[in-house]
Amino acid sequence: MSIAQKIIVILGQTASGKSGLAVKLAKKFNGEIISADSRQVYKGMDIGTGKISKREKQGILHHLLDVASPKRRFTVAEYKKMALAAINKIFKKNKIPILCGGTGFYIQAVVDGIAIPEVKPDLLLRSGLNSLNTEALFEKIKKLDPRRANTIDRYNRRRLIRAIEIAKKIGVVPVLQKNPLPYPVLMIGIKKSPEELKKLIKKRLLKRLKQGMIAEVKKLRQSGVSWKQLEEFGLEYRWLARYLQSKLTRTVLVSLLQKDIEHFAKRQMTWFKRDNRIYWVKNYKEAKSLAQKFINK
RNA sequence: GGGCGGUUGGCGGAGCAGCUAACGCACCACACUGUAAAUGUGGCGACCUCUGGUCUUCGGGGGUGCAAGUCCCUCACCGCCCA
């Protein structure tokens, strides 16, 4: 017999313990996990992203890990497609998909079904636009699409360039469309106090260094990933790239990276805070009871 | 004891007579339409009837000037050099 199709989402700040919680829930409720992490999709980026090990998976199937080369650019649009495919696949096995990760935008793209304009990045156009100053970019989108110009952040070059890219291709940037998943979704967030989270981040950072995170970044470099790309990946990859280029000492590396991760965690929270569908829990027990009720409903 | 340099917001640090004391860090808040661990924005002396207004501030005190972190005197403290 087939069970009702429902989805559980596990989210939270970096280092809050999402992966472990998701595995426990998956074991308990016969689930499979879909990673919602914009960096764990890349092959060869394991230690720095905190990718779950085979042992830690405890036999639970994980989707959307290692699905892209770090030499090319992965995007939300691809993520969304792949995640939806994974969800269907899991449903066919009569199992429950558990979307787990800290990339709020990716989670939202899937859960709310944000319609991302079907315009692929045009690198040539982008590099051309990049030579314009920010004001000029804003004027350009204002002329092409006044509606979008009205809502866009006029100081954010990256957004301006993308908006122009879309407008040039299909006329205007479409009004934001949402096609939410047609299944009940339970969103569980892991709540940690700022002090506790800082400690967890610190501990994990030192552990990663010990595990050979520096060598991992060196290896990525050797395989052809540019400094610029590493910089763009952010956090451990960004700071380690700077370290490997002798731009800072090891001590400075650790303190600045720690701070940067803390800042990132705050930004994640800013994103999650505004979503009032999220149930915030302290531990597995609370999560389990929520999930139990959700599934029985 | 003598000489020189310094003392600016939580920290670093500009300004050296004239509009709102730059900037960076930290901190707080926020945004997010194919880079989202990315990218961007605002606030950060106090108070209020808070899309604006009032007052205060550059180690202390005094002075000169229409106007003083900015010049002068003096005291305190810190640093370096000479005794």
# chains A, B, ... in the order shown; residues from 1 in each chain; ligands from 1

call {"tool": "interface_residues", "arguments": {"of": "chain A", "to": "chain B", "cutoff": "8 Å", "atoms": "only C-alpha atoms (C1' of nucleotides)", "output": "MDAnalysis selection string"}}
result
chainID A and resid 38:39 73:78 103 105 114:121 153 155:159 173:176 232:235 264 270

call {"tool": "atom_distance", "arguments": {"atom1": "CA of Val111 in chain A", "atom2": "CA of Gly48 in chain A"}}
result
26.7 Å

call {"tool": "select_by_dssp", "arguments": {"residues": "range 76-211 of chain A", "states": "strand (DSSP E or B)", "output": "ChimeraX atom specification"}}
result
/A:96-101,114,178,185-190

call {"tool": "select_by_dssp", "arguments": {"residues": "range 26-58 of chain A", "states": "alpha helix (DSSP H)", "output": "short mmCIF file (atom, residue, chain, number, x, y, z; two decimals) with N, CA and C atoms, in the first residue's frame"}}
result
data_model
loop_
_atom_site.label_atom_id
_atom_site.label_comp_id
_atom_site.auth_asym_id
_atom_site.auth_seq_id
_atom_site.Cartn_x
_atom_site.Cartn_y
_atom_site.Cartn_z
N ALA A 26 15.32 10.03 9.21
CA ALA A 26 15.18 9.16 8.04
C ALA A 26 15.10 7.70 8.46
N LYS A 27 15.91 7.34 9.45
CA LYS A 27 15.89 5.97 9.94
C LYS A 27 14.56 5.66 10.62
N LYS A 28 14.13 6.63 11.39
CA LYS A 28 12.89 6.45 12.16
C LYS A 28 11.65 6.37 11.25
N PHE A 29 11.63 7.22 10.23
CA PHE A 29 10.41 7.34 9.43
C PHE A 29 10.53 6.83 8.00
N LYS A 54 30.33 8.43 4.60
CA LYS A 54 29.56 7.22 4.33
C LYS A 54 29.08 6.59 5.63
N ARG A 55 29.98 6.58 6.60
CA ARG A 55 29.67 6.02 7.91
C ARG A 55 28.52 6.76 8.58
N GLU A 56 28.60 8.09 8.49
CA GLU A 56 27.56 8.92 9.13
C GLU A 56 26.18 8.76 8.46
N LYS A 57 26.23 8.40 7.20
CA LYS A 57 24.95 8.23 6.48
C LYS A 57 24.14 7.06 7.03
#

call {"tool": "residues_around", "arguments": {"residues": "Ile8 in chain A", "least_positions_apart": "5", "cutoff": "8 Å", "atoms": "only C-alpha atoms (C1' of nucleotides)", "output": "list in words"}}
result
Ile96, Pro97, Ile98, Leu99, Val185, Leu186, Met187, Ile188 and Ala291 of chain A

call {"tool": "residues_around", "arguments": {"residues": "G5 in chain B", "least_positions_apart": "4", "cutoff": "12 Å", "atoms": "only C-alpha atoms (C1' of nucleotides)", "output": "list in words"}}
result
C78, G79, C80 and C81 of chain B

call {"tool": "residues_around", "arguments": {"residues": "G13 in chain B", "least_positions_apart": "5", "cutoff": "12 Å", "atoms": "only C-alpha atoms (C1' of nucleotides)", "output": "PDB file with C-alpha atoms (C1' of nucleotides), in the first residue's frame"}}
result
ATOM      1  C1'   U B   8      39.761  61.293  18.662  1.00  0.00           C
ATOM      2  C1'   A B  22      36.425  60.288   6.796  1.00  0.00           C
ATOM      3  C1'   C B  23      37.383  55.201   6.580  1.00  0.00           C
ATOM      4  C1'   G B  24      38.114  50.157   8.388  1.00  0.00           C
ATOM      5  C1'   C B  25      36.945  46.404  12.194  1.00  0.00           C
TER       6        C B  25
END

call {"tool": "residues_around", "arguments": {"residues": "Gly212 in chain A", "least_positions_apart": "4", "cutoff": "12 Å", "atoms": "only C-alpha atoms (C1' of nucleotides)", "output": "list in words"}}
result
Met45, Asp46, Ile47, Gly48, Leu205, Leu206, Lys207, Arg208, Glu216, Val217, Lys218, Lys219 and Leu240 of chain A

call {"tool": "write_last_selection", "arguments": {"atoms": "N, CA and C atoms", "output": "PDB file, in the first residue's frame"}}
result
ATOM      1  N   MET A  45      34.621  18.736  -2.844  1.00  0.00           N
ATOM      2  CA  MET A  45      34.510  19.717  -1.766  1.00  0.00           C
ATOM      3  C   MET A  45      33.803  19.029  -0.601  1.00  0.00           C
ATOM      4  N   ASP A  46      34.603  18.352   0.204  1.00  0.00           N
ATOM      5  CA  ASP A  46      34.035  17.499   1.247  1.00  0.00           C
ATOM      6  C   ASP A  46      34.258  18.035   2.659  1.00  0.00           C
ATOM      7  N   ILE A  47      35.535  18.196   3.002  1.00  0.00           N
ATOM      8  CA  ILE A  47      35.856  18.623   4.371  1.00  0.00           C
ATOM      9  C   ILE A  47      35.365  20.047   4.604  1.00  0.00           C
ATOM     10  N   GLY A  48      35.662  20.904   3.647  1.00  0.00           N
ATOM     11  CA  GLY A  48      35.287  22.309   3.788  1.00  0.00           C
ATOM     12  C   GLY A  48      33.786  22.554   3.835  1.00  0.00           C
ATOM     13  N   LEU A 205      35.655  23.914  13.009  1.00  0.00           N
ATOM     14  CA  LEU A 205      36.709  24.499  12.184  1.00  0.00           C
ATOM     15  C   LEU A 205      38.064  23.852  12.476  1.00  0.00           C
ATOM     16  N   LEU A 206      38.378  23.712  13.753  1.00  0.00           N
ATOM     17  CA  LEU A 206      39.655  23.108  14.125  1.00  0.00           C
ATOM     18  C   LEU A 206      39.711  21.649  13.671  1.00  0.00           C
ATOM     19  N   LYS A 207      38.575  20.986  13.764  1.00  0.00           N
ATOM     20  CA  LYS A 207      38.499  19.593  13.343  1.00  0.00           C
ATOM     21  C   LYS A 207      38.761  19.479  11.835  1.00  0.00           C
ATOM     22  N   ARG A 208      38.166  20.384  11.091  1.00  0.00           N
ATOM     23  CA  ARG A 208      38.336  20.349   9.644  1.00  0.00           C
ATOM     24  C   ARG A 208      39.790  20.574   9.240  1.00  0.00           C
ATOM     25  N   GLU A 216      42.812  19.649   0.847  1.00  0.00           N
ATOM     26  CA  GLU A 216      41.654  19.545  -0.047  1.00  0.00           C
ATOM     27  C   GLU A 216      41.613  20.742  -1.006  1.00  0.00           C
ATOM     28  N   VAL A 217      41.862  21.914  -0.467  1.00  0.00           N
ATOM     29  CA  VAL A 217      41.821  23.112  -1.310  1.00  0.00           C
ATOM     30  C   VAL A 217      42.986  23.106  -2.305  1.00  0.00           C
ATOM     31  N   LYS A 218      44.145  22.664  -1.837  1.00  0.00           N
ATOM     32  CA  LYS A 218      45.294  22.543  -2.744  1.00  0.00           C
ATOM     33  C   LYS A 218      44.968  21.630  -3.909  1.00  0.00           C
ATOM     34  N   LYS A 219      44.307  20.550  -3.581  1.00  0.00           N
ATOM     35  CA  LYS A 219      43.939  19.562  -4.582  1.00  0.00           C
ATOM     36  C   LYS A 219      42.963  20.159  -5.604  1.00  0.00           C
ATOM     37  N   LEU A 240      40.971  29.853   2.763  1.00  0.00           N
ATOM     38  CA  LEU A 240      42.082  28.946   2.517  1.00  0.00           C
ATOM     39  C   LEU A 240      42.819  29.339   1.229  1.00  0.00           C
TER      40      LEU A 240
END

call {"tool": "residues_around", "arguments": {"residues": "Ala85 in chain A", "least_positions_apart": "3", "cutoff": "12 Å", "atoms": "only C-alpha atoms (C1' of nucleotides)", "output": "list of chain:residue names"}}
result
A:Ile34, A:His63, A:Leu64, A:Glu78, A:Tyr79, A:Lys80, A:Lys81, A:Met82, A:Asn88, A:Lys89, A:Ile90, A:Phe91, A:Lys92, A:Pro97, A:Val110

call {"tool": "decode", "arguments": {"residues": "range 233-272 of chain A", "atoms": "N, CA and C atoms", "output": "CSV table (one decimal), in the first residue's frame"}}
result
chain,number,residue,atom,x,y,z
A,233,PHE,N,33.5,30.7,-3.9
A,233,PHE,CA,32.8,29.7,-3.1
A,233,PHE,C,32.6,30.1,-1.6
A,234,GLY,N,33.4,31.0,-1.2
A,234,GLY,CA,33.3,31.6,0.1
A,234,GLY,C,33.8,30.8,1.3
A,235,LEU,N,33.7,31.4,2.5
A,235,LEU,CA,34.1,30.7,3.7
A,235,LEU,C,35.4,30.0,3.7
A,236,GLU,N,35.4,28.7,4.0
A,236,GLU,CA,36.7,27.9,4.1
A,236,GLU,C,37.4,28.0,2.8
A,237,TYR,N,36.8,27.9,1.7
A,237,TYR,CA,37.5,27.9,0.4
A,237,TYR,C,38.1,29.3,0.1
A,238,ARG,N,37.3,30.3,0.4
A,238,ARG,CA,37.8,31.7,0.2
A,238,ARG,C,39.0,31.9,1.1
A,239,TRP,N,38.9,31.7,2.3
A,239,TRP,CA,40.0,32.0,3.3
A,239,TRP,C,41.2,31.1,3.1
A,240,LEU,N,41.0,29.9,2.8
A,240,LEU,CA,42.1,28.9,2.5
A,240,LEU,C,42.8,29.3,1.2
A,241,ALA,N,42.1,29.8,0.3
A,241,ALA,CA,42.7,30.3,-1.0
A,241,ALA,C,43.6,31.4,-0.7
A,242,ARG,N,43.2,32.3,0.2
A,242,ARG,CA,44.0,33.5,0.5
A,242,ARG,C,45.2,33.0,1.3
A,243,TYR,N,45.0,32.1,2.2
A,243,TYR,CA,46.1,31.5,3.0
A,243,TYR,C,47.2,30.9,2.1
A,244,LEU,N,46.7,30.1,1.1
A,244,LEU,CA,47.6,29.4,0.2
A,244,LEU,C,48.4,30.3,-0.7
A,245,GLN,N,47.8,31.5,-0.9
A,245,GLN,CA,48.5,32.6,-1.6
A,245,GLN,C,49.4,33.4,-0.7
A,246,SER,N,49.5,33.0,0.5
A,246,SER,CA,50.4,33.7,1.5
A,246,SER,C,49.9,35.1,1.8
A,247,LYS,N,48.6,35.3,1.7
A,247,LYS,CA,48.0,36.6,2.0
A,247,LYS,C,47.8,36.8,3.5
A,248,LEU,N,47.8,35.7,4.2
A,248,LEU,CA,47.7,35.8,5.7
A,248,LEU,C,48.3,34.6,6.4
A,249,THR,N,48.5,34.8,7.7
A,249,THR,CA,49.2,33.7,8.4
A,249,THR,C,48.1,32.7,8.9
A,250,ARG,N,48.5,31.6,9.4
A,250,ARG,CA,47.6,30.6,9.9
A,250,ARG,C,46.7,31.1,11.0
A,251,THR,N,47.3,31.8,11.9
A,251,THR,CA,46.6,32.4,13.1
A,251,THR,C,45.5,33.3,12.6
A,252,VAL,N,45.9,34.2,11.7
A,252,VAL,CA,44.9,35.2,11.2
A,252,VAL,C,43.8,34.4,10.4
A,253,LEU,N,44.2,33.5,9.7
A,253,LEU,CA,43.3,32.6,8.9
A,253,LEU,C,42.2,32.1,9.8
A,254,VAL,N,42.6,31.5,10.9
A,254,VAL,CA,41.6,30.9,11.8
A,254,VAL,C,40.7,31.9,12.4
A,255,SER,N,41.2,33.0,12.8
A,255,SER,CA,40.3,34.0,13.4
A,255,SER,C,39.4,34.7,12.4
A,256,LEU,N,39.9,35.0,11.3
A,256,LEU,CA,39.0,35.7,10.3
A,256,LEU,C,38.0,34.7,9.7
A,257,LEU,N,38.4,33.5,9.5
A,257,LEU,CA,37.4,32.5,9.0
A,257,LEU,C,36.3,32.2,10.0
A,258,GLN,N,36.7,32.1,11.2
A,258,GLN,CA,35.8,31.9,12.3
A,258,GLN,C,34.7,33.0,12.3
A,259,LYS,N,35.2,34.2,12.2
A,259,LYS,CA,34.3,35.4,12.2
A,259,LYS,C,33.4,35.4,11.0
A,260,ASP,N,34.0,35.0,9.9
A,260,ASP,CA,33.2,35.0,8.6
A,260,ASP,C,32.1,33.9,8.7
A,261,ILE,N,32.4,32.8,9.3
A,261,ILE,CA,31.4,31.7,9.4
A,261,ILE,C,30.3,32.2,10.4
A,262,GLU,N,30.7,32.9,11.4
A,262,GLU,CA,29.7,33.4,12.3
A,262,GLU,C,28.7,34.4,11.6
A,263,HIS,N,29.3,35.3,10.8
A,263,HIS,CA,28.5,36.2,10.0
A,263,HIS,C,27.6,35.5,9.1
A,264,PHE,N,28.1,34.4,8.5
A,264,PHE,CA,27.3,33.6,7.6
A,264,PHE,C,26.1,33.0,8.3
A,265,ALA,N,26.3,32.5,9.5
A,265,ALA,CA,25.3,31.9,10.3
A,265,ALA,C,24.2,33.0,10.6
A,266,LYS,N,24.6,34.2,10.8
A,266,LYS,CA,23.6,35.2,11.1
A,266,LYS,C,22.8,35.5,9.9
A,267,ARG,N,23.4,35.6,8.7
A,267,ARG,CA,22.7,35.8,7.5
A,267,ARG,C,21.7,34.7,7.2
A,268,GLN,N,22.1,33.5,7.5
A,268,GLN,CA,21.2,32.3,7.4
A,268,GLN,C,19.9,32.6,8.2
A,269,MET,N,20.2,33.0,9.4
A,269,MET,CA,19.1,33.2,10.4
A,269,MET,C,18.1,34.4,9.8
A,270,THR,N,18.7,35.4,9.3
A,270,THR,CA,17.9,36.5,8.7
A,270,THR,C,17.0,35.9,7.7
A,271,TRP,N,17.4,35.0,6.9
A,271,TRP,CA,16.6,34.4,5.9
A,271,TRP,C,15.5,33.6,6.5
A,272,PHE,N,15.9,32.7,7.5
A,272,PHE,CA,14.9,31.7,8.0
A,272,PHE,C,13.8,32.4,8.9
